[in-house]
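A.B. asks: Below is the file input02.txt, which contains compact mmCIF, C-alpha atoms (C1' of nucleotides).
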# COMPACT_ATOMS: atom_id res chain seq x y z
CA MET O 229 49.57 54.10 69.20
CA ALA O 230 49.37 56.32 72.22
CA LYS O 231 50.33 59.85 71.43
CA LYS O 232 53.31 60.80 73.49
CA SER O 233 53.38 64.48 72.73
CA GLY O 234 51.44 66.65 75.14
CA ASN O 235 47.89 67.80 74.81
CA ARG O 236 47.44 70.82 72.60
CA ARG O 237 46.21 72.79 75.60
CA ASP O 238 49.63 72.29 77.11
CA GLN O 239 51.43 73.92 74.19
CA LEU O 240 52.18 77.60 73.90
CA THR O 241 50.24 79.47 71.27
CA THR O 242 52.10 81.92 69.08
CA GLY O 243 50.17 84.70 70.76
CA GLN O 244 51.31 83.53 74.17
CA LYS O 245 54.90 83.29 72.98
CA ARG O 246 54.79 86.86 71.72
CA LYS O 247 53.23 88.05 74.95
CA ILE O 248 55.83 86.28 77.08
CA SER O 249 58.70 87.59 74.98
CA ARG O 250 57.54 91.13 75.53
CA LEU O 251 57.07 90.40 79.23
CA ARG O 252 60.69 89.27 79.42
CA LYS O 253 61.92 92.47 77.86
CA ASP O 254 59.86 94.67 80.16
CA LEU O 255 60.73 92.78 83.34
CA VAL O 256 64.44 92.83 82.61
CA ARG O 257 64.20 96.57 82.11
CA TRP O 258 62.35 96.87 85.40
CA TYR O 259 64.92 94.65 87.09
CA GLN O 260 67.85 96.80 86.03
CA VAL O 261 66.38 99.59 88.12
CA HIS O 262 64.55 97.82 90.93
CA GLY O 263 66.26 94.41 91.24
CA ARG O 264 67.34 93.16 94.66
CA ASP O 265 70.99 92.94 95.63
CA LEU O 266 71.21 89.49 97.19
CA PRO O 267 74.56 88.08 98.35
CA TRP O 268 74.40 84.82 96.38
CA ARG O 269 73.96 86.74 93.13
CA ARG O 270 77.23 88.63 93.39
CA ASP O 271 80.25 87.67 91.33
CA ALA O 272 82.05 86.79 94.54
CA ALA O 273 79.57 84.02 95.26
CA LYS O 274 81.01 80.64 94.41
CA GLU O 275 79.13 78.16 92.27
CA TYR O 276 78.83 75.99 95.35
CA GLU O 277 77.02 78.79 97.14
CA LYS O 278 74.71 79.52 94.24
CA ILE O 279 73.54 75.92 94.11
CA CYS O 280 73.52 75.28 97.83
CA VAL O 281 71.52 78.39 98.61
CA GLU O 282 68.66 77.09 96.49
CA VAL O 283 67.95 74.55 99.20
CA LEU O 284 67.98 77.29 101.82
CA LEU O 285 65.52 79.28 99.72
CA GLN O 286 62.87 76.58 99.48
CA ARG O 287 59.60 77.82 100.92
CA THR O 288 61.62 80.56 102.59
CA ARG O 289 61.78 84.29 101.97
CA ALA O 290 64.99 85.44 100.29
CA GLU O 291 65.42 88.21 102.88
CA VAL O 292 65.48 85.63 105.67
CA VAL O 293 68.07 83.51 103.92
CA ALA O 294 70.17 86.64 103.45
CA THR O 295 70.39 87.07 107.24
CA ILE O 296 72.21 83.77 107.74
CA TYR O 297 74.01 83.67 104.41
CA THR O 298 77.41 84.91 105.58
CA SER O 299 77.62 82.85 108.75
CA PHE O 300 76.35 79.74 107.01
CA PHE O 301 78.92 79.75 104.24
CA GLN O 302 81.63 80.75 106.65
CA ARG O 303 80.87 77.67 108.69
CA TYR O 304 80.38 75.47 105.62
CA PRO O 305 82.64 76.91 102.91
CA THR O 306 82.71 73.81 100.68
CA TRP O 307 80.64 70.80 99.66
CA ASN O 308 83.09 68.68 101.65
CA SER O 309 82.66 70.62 104.86
CA LEU O 310 78.91 70.35 104.50
CA ALA O 311 79.07 66.66 103.69
CA GLY O 312 81.10 66.04 106.83
CA SER O 313 78.97 68.19 109.08
CA GLU O 314 77.15 67.04 112.17
CA ILE O 315 73.47 66.76 111.38
CA SER O 316 72.40 68.09 114.78
CA GLU O 317 74.61 71.13 114.40
CA LEU O 318 73.29 71.68 110.89
CA GLU O 319 69.75 71.57 112.23
CA GLU O 320 70.55 74.27 114.76
CA VAL O 321 72.03 76.51 112.09
CA LEU O 322 68.99 76.01 109.86
CA ARG O 323 66.39 76.39 112.59
CA PRO O 324 65.66 80.09 111.99
CA LEU O 325 64.67 79.27 108.40
CA GLY O 326 62.06 76.68 109.32
CA LEU O 327 61.77 73.22 107.73
CA TRP O 328 65.04 72.57 109.53
CA ARG O 329 64.92 68.80 110.02
CA ARG O 330 64.02 68.01 106.42
CA ARG O 331 66.30 70.74 105.13
CA ALA O 332 69.29 69.50 107.09
CA GLN O 333 68.86 66.04 105.62
CA SER O 334 68.33 67.38 102.11
CA ILE O 335 71.30 69.68 102.12
CA LYS O 336 73.63 67.12 103.62
CA SER O 337 72.71 64.39 101.16
CA LEU O 338 73.08 66.86 98.31
CA ALA O 339 76.50 67.81 99.65
CA THR O 340 77.46 64.17 100.04
CA TYR O 341 76.63 63.54 96.41
CA ALA O 342 78.59 66.61 95.34
CA ALA O 343 81.58 65.67 97.47
CA GLU O 344 81.66 62.22 95.89
CA HIS O 345 81.51 63.67 92.38
CA ASP O 346 84.01 66.51 92.65
CA GLY O 347 81.20 69.04 92.80
CA VAL O 348 79.98 68.14 89.33
CA PHE O 349 76.31 67.31 88.88
CA PRO O 350 74.78 65.59 85.84
CA SER O 351 74.08 67.88 82.91
CA VAL O 352 71.06 65.91 81.78
CA GLU O 353 67.67 66.29 83.39
CA SER O 354 66.92 62.57 83.61
CA GLU O 355 70.17 61.86 85.45
CA LEU O 356 69.69 64.82 87.76
CA ARG O 357 66.50 63.17 88.98
CA GLY O 358 68.64 60.58 90.72
CA VAL O 359 70.45 63.18 92.82
CA PRO O 360 69.08 63.51 96.34
CA ALA O 361 67.07 66.65 97.15
CA VAL O 362 67.11 67.68 93.49
CA GLY O 363 63.68 68.20 92.02
CA GLN O 364 62.36 70.24 89.15
CA TYR O 365 63.51 73.59 90.50
CA VAL O 366 66.94 72.78 91.94
CA GLY O 367 67.62 70.63 88.90
CA ASN O 368 67.09 73.60 86.62
CA ALA O 369 69.19 75.79 88.90
CA ILE O 370 72.06 73.32 88.56
CA LEU O 371 71.69 73.13 84.79
CA MET O 372 71.81 76.92 84.62
CA PHE O 373 74.47 77.80 87.20
CA GLN O 374 76.82 74.90 86.59
CA HIS O 375 76.23 73.88 82.99
CA GLY O 376 75.26 77.19 81.45
CA GLN O 377 71.94 76.01 80.09
CA ALA O 378 68.98 78.37 79.70
CA ARG O 379 66.52 76.98 82.24
CA PRO O 380 63.58 78.56 84.05
CA LEU O 381 63.41 78.65 87.84
CA VAL O 382 59.74 77.84 87.94
CA ASP O 383 58.82 78.45 91.54
CA VAL O 384 55.71 79.90 93.11
CA ASN O 385 56.85 83.35 91.96
CA MET O 386 57.31 82.67 88.27
CA ALA O 387 54.15 80.60 88.29
CA ARG O 388 52.12 83.45 89.74
CA VAL O 389 53.42 85.98 87.20
CA LEU O 390 52.76 83.70 84.25
CA GLU O 391 49.34 82.75 85.55
CA ARG O 392 48.20 86.31 86.12
CA PHE O 393 49.75 87.70 82.99
CA VAL O 394 49.05 84.90 80.55
CA ARG O 395 46.94 82.01 81.77
CA PRO O 396 46.23 79.96 84.88
CA ARG O 397 47.85 76.58 85.27
CA ARG O 398 45.80 73.42 84.88
CA LEU O 399 47.50 71.21 87.43
CA ALA O 400 47.80 71.97 91.10
CA ASP O 401 51.46 70.96 91.25
CA ILE O 402 53.74 73.47 89.55
CA ARG O 403 56.30 70.76 88.82
CA HIS O 404 53.93 68.72 86.70
CA ASP O 405 52.08 71.42 84.76
CA PRO O 406 53.39 71.14 81.19
CA TRP O 407 52.12 74.53 80.05
CA LEU O 408 53.68 76.32 82.99
CA GLN O 409 57.02 74.66 82.41
CA ALA O 410 56.87 75.44 78.69
CA ALA O 411 55.96 79.05 79.40
CA GLY O 412 58.87 79.38 81.84
CA GLN O 413 61.21 77.84 79.32
CA TRP O 414 60.08 80.30 76.68
CA LEU O 415 60.54 83.15 79.11
CA VAL O 416 64.25 82.43 79.59
CA GLN O 417 64.84 81.41 76.00
CA ALA O 418 66.35 84.74 75.01
CA GLY O 419 68.59 87.16 76.81
CA ASP O 420 70.69 86.25 79.84
CA PRO O 421 68.84 83.36 81.52
CA CYS O 422 70.13 84.27 84.98
CA GLU O 423 69.08 87.86 84.65
CA VAL O 424 65.67 86.95 83.31
CA ASN O 425 65.03 84.50 86.14
CA TRP O 426 66.10 87.01 88.78
CA ALA O 427 64.00 89.70 87.13
CA VAL O 428 60.89 87.56 87.33
CA LEU O 429 61.57 86.48 90.90
CA ASP O 430 62.15 90.03 92.10
CA PHE O 431 59.19 91.38 90.20
CA ALA O 432 56.99 88.70 91.73
CA ALA O 433 58.31 89.33 95.23
CA LEU O 434 58.10 93.12 95.10
CA VAL O 435 55.27 94.01 92.72
CA CYS O 436 53.28 91.01 91.54
CA ARG O 437 52.94 89.75 95.10
CA ALA O 438 50.64 86.97 96.19
CA ARG O 439 48.70 89.29 98.48
CA GLN O 440 47.94 92.87 97.54
CA PRO O 441 49.97 93.15 94.37
CA THR O 442 50.93 96.75 93.60
CA CYS O 443 49.40 96.85 90.14
CA LEU O 444 49.57 100.64 90.08
CA GLU O 445 53.34 100.54 89.77
CA CYS O 446 53.42 97.50 87.51
CA PRO O 447 55.30 98.02 84.24
CA VAL O 448 53.10 95.58 82.34
CA LYS O 449 49.69 96.34 83.80
CA ALA O 450 48.29 97.50 80.47
CA ARG O 451 48.55 93.97 79.07
CA CYS O 452 47.62 92.11 82.26
CA LYS O 453 44.15 90.91 83.19
CA GLN O 454 44.68 92.11 86.76
CA GLY O 455 46.32 95.36 85.76
CA ALA O 456 43.55 96.25 83.35
CA GLY O 457 41.35 96.75 86.38
CA VAL O 458 43.72 99.33 87.75
CA ILE O 459 43.56 101.36 84.59
CA SER O 460 39.81 101.51 84.66
CA GLY O 461 39.94 102.17 88.36
CA ARG O 462 38.26 98.99 89.47
CA VAL O 463 40.99 97.26 91.42
CA GLY O 464 41.84 100.01 93.72
CA GLU O 465 41.98 98.19 96.98
CA THR O 466 42.73 100.20 99.59
C1' DA F 6 46.47 64.60 93.82
C1' DA F 7 47.37 65.73 98.53
C1' DC F 8 50.15 66.13 102.52
C1' DG F 9 53.90 67.31 105.95
C1' DC F 10 57.56 70.08 106.90
C1' DG F 11 58.24 75.14 110.05
C1' DG F 12 59.68 79.64 111.65
C1' DG F 13 58.61 84.38 110.97
C1' DG F 14 56.48 88.62 108.73
C1' DC F 15 52.48 90.90 107.69
C1' DA F 16 47.57 92.54 107.52
C1' DT W 208 44.37 84.34 113.46
C1' DG W 209 45.40 83.11 108.66
C1' DC W 210 48.16 83.45 104.72
C1' DC W 211 52.44 83.07 102.50
C1' DC W 212 57.38 82.17 101.56
C1' DA W 213 63.39 80.80 95.01
C1' DG W 214 60.22 72.80 96.91
C1' DC W 215 60.71 68.15 97.73
C1' DG W 216 59.76 63.35 98.85
C1' DT W 217 56.18 60.38 100.24
C1' DT W 218 51.67 58.34 100.21
Represent the supplied structure as structure tokens.
C.D. replies:
Amino acid sequence: MAKKSGNRRDQLTTGQKRKISRLRKDLVRWYQVHGRDLPWRRDAAKEYEKICVEVLLQRTRAEVVATIYTSFFQRYPTWNSLAGSEISELEEVLRPLGLWRRRAQSIKSLATYAAEHDGVFPSVESELRGVPAVGQYVGNAILMFQHGQARPLVDVNMARVLERFVRPRRLADIRHDPWLQAAGQWLVQAGDPCEVNWAVLDFAALVCRARQPTCLECPVKARCKQGAGVISGRVGET
DNA sequence: AACGCGGGGCA
DNA sequence: TGCCCAGCGTT
């Protein structure tokens, strides 16, 4: 019989689990001091906004999304208003974010689904796959924000942190790398899943950046392959 | 597995 | 100029 469980190289070792658990603790601590105050994270933000904004955030800097956040949700305050919107108008509103044609279609079809289902999305991953514009990331966001499940927002940010701190991924596509997904899941397994996710995202955006990470001010540099260079004075890029 | 989508910020 | 940004659907 074909073995259906994943390759052993795709499983987390106990050492990796321990390392990731400590990372979670340290990043949450860092977040409580340095975390970003973004509008869709506030208590005032409706569940609709929290889910909808995930589409706005795709391949787009959070700071840019923040600049249109208020006007966007003033113009489209509900799933219904978005579902009934004019696609050309939606495109104009989304233009400053980039990816505006695709994004307008995605967000409207997502809204149409939501409007037809009273704003309730499936609570099972397999069924979520059938929802338009919902992939690995948005699916997990829905499971977390709407259904209270502990799910990792495994985007380019979380992937980069896990890869630098623990181990590089094996597959090019983040969505399909079993180890990466398992590592993300372990990361948000304890504590407040929302807070942990936001901690990782902010840490990745502000410290563990793609280009010129500021390892000198990194709270976990002592246990990081990259950060170890800083301690011995080798990474000091200018 | 690789590609297109896309405007804007930054070095 | 080239790289990168809270991804996804298609080929």
A.B. asks: Would you work out the distance separating CA of Trp407 (chain O) from CA of Gln239 (chain O), expressed in Å to one decimal?
C.D. replies: 5.9 Å
A.B. asks: If you count all atoms listed in the file, which residues fall within 12 Å of DG209 (chain W), apart from same-chain ones fewer than 2 positions away, as a list in words?
C.D. replies: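 Non-adjacent residues within range: DC15 and DA16 of chain F; DC211 of chain W.
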A.B. asks: Quick one: residues within 8 Å of Glu282 (chain O), all atoms listed in the file, excluding same-chain residues fewer than 2 positions away - as a list in words?
C.D. replies: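 Near neighbours after the sequence-gap exclusion: Lys278, Ile279, Cys280, Leu284, Leu285, Gln286, Val366 and Ala369 of chain O; DA213 of chain W.
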A.B. asks: Tell me which residues come within 12 Å of (46.1, 66.2, 99.6), as a list in words, counting only C-alpha atoms (C1' of nucleotides) in the file's coordinates.
C.D. replies: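 I get Ala400 and Asp401 of chain O; DA6, DA7, DC8 and DG9 of chain F; DT217 and DT218 of chain W for the residues within 12 Å of that point.
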A.B. asks: Can you work out which residues from chain O touch chain F at a cut-off of 12 Å (counting only C-alpha atoms (C1' of nucleotides)) and hand them back as a PyMOL selection string?
C.D. replies: chain O and resi 286-289+291-293+322-332+399-401+404+439-440
A.B. asks: Which residue is closest to Arg250 (chain O)? Choose from O:Ile335, O:Ala438, O:Val283, O:Val416 and count all atoms listed in the file.
C.D. replies: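 The answer is O:Val416, which sits nearest to Arg250 (chain O).
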A.B. asks: Report as a list in words all protein, DNA and RNA residues lying within 9 Å of Tyr297 (chain O), evaluated on all atoms listed in the file, omitting residues in the same chain fewer than 4 positions from it.
C.D. replies: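 After dropping sequence-adjacent residues, the list is Pro267, Trp268, Val281, Val292, Val293, Phe301 and Gln302 of chain O.
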A.B. asks: Between CA of Glu391 (chain O) and CA of Val362 (chain O), what is the distance, to one decimal in Å?
C.D. replies: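 Separation of CA of Glu391 (chain O) and CA of Val362 (chain O): 24.6 Å.
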A.B. asks: Quick one, how far is CA of Glu445 (chain O) from CA of His262 (chain O)?
C.D. replies: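 Between CA of Glu445 (chain O) and CA of His262 (chain O) the gap works out to 11.6 Å.
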A.B. asks: Distance cut-off 9 Å, counting all atoms listed in the file - which residues of chain W neighbour chain O? Return them as a VMD selection string.
C.D. replies: chain W and resid 210 to 216
A.B. asks: Have a look at O:Asp238, O:Asp254, O:Glu314, O:Glu344 and name the one nearest to Gln409 (chain O); count only C-alpha atoms.
C.D. replies: O:Asp238
A.B. asks: O:Lys274, O:Ala411, O:Val321, O:Asn368: which is nearest Pro305 (chain O), counting all atoms listed in the file?
C.D. replies: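 Closest candidate: O:Lys274.
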A.B. asks: Hey, which of O:Leu310, O:Val389, O:Ala294, O:Ala339 ends up closest to Arg269 (chain O)? Count only C-alpha atoms.
C.D. replies: O:Ala294
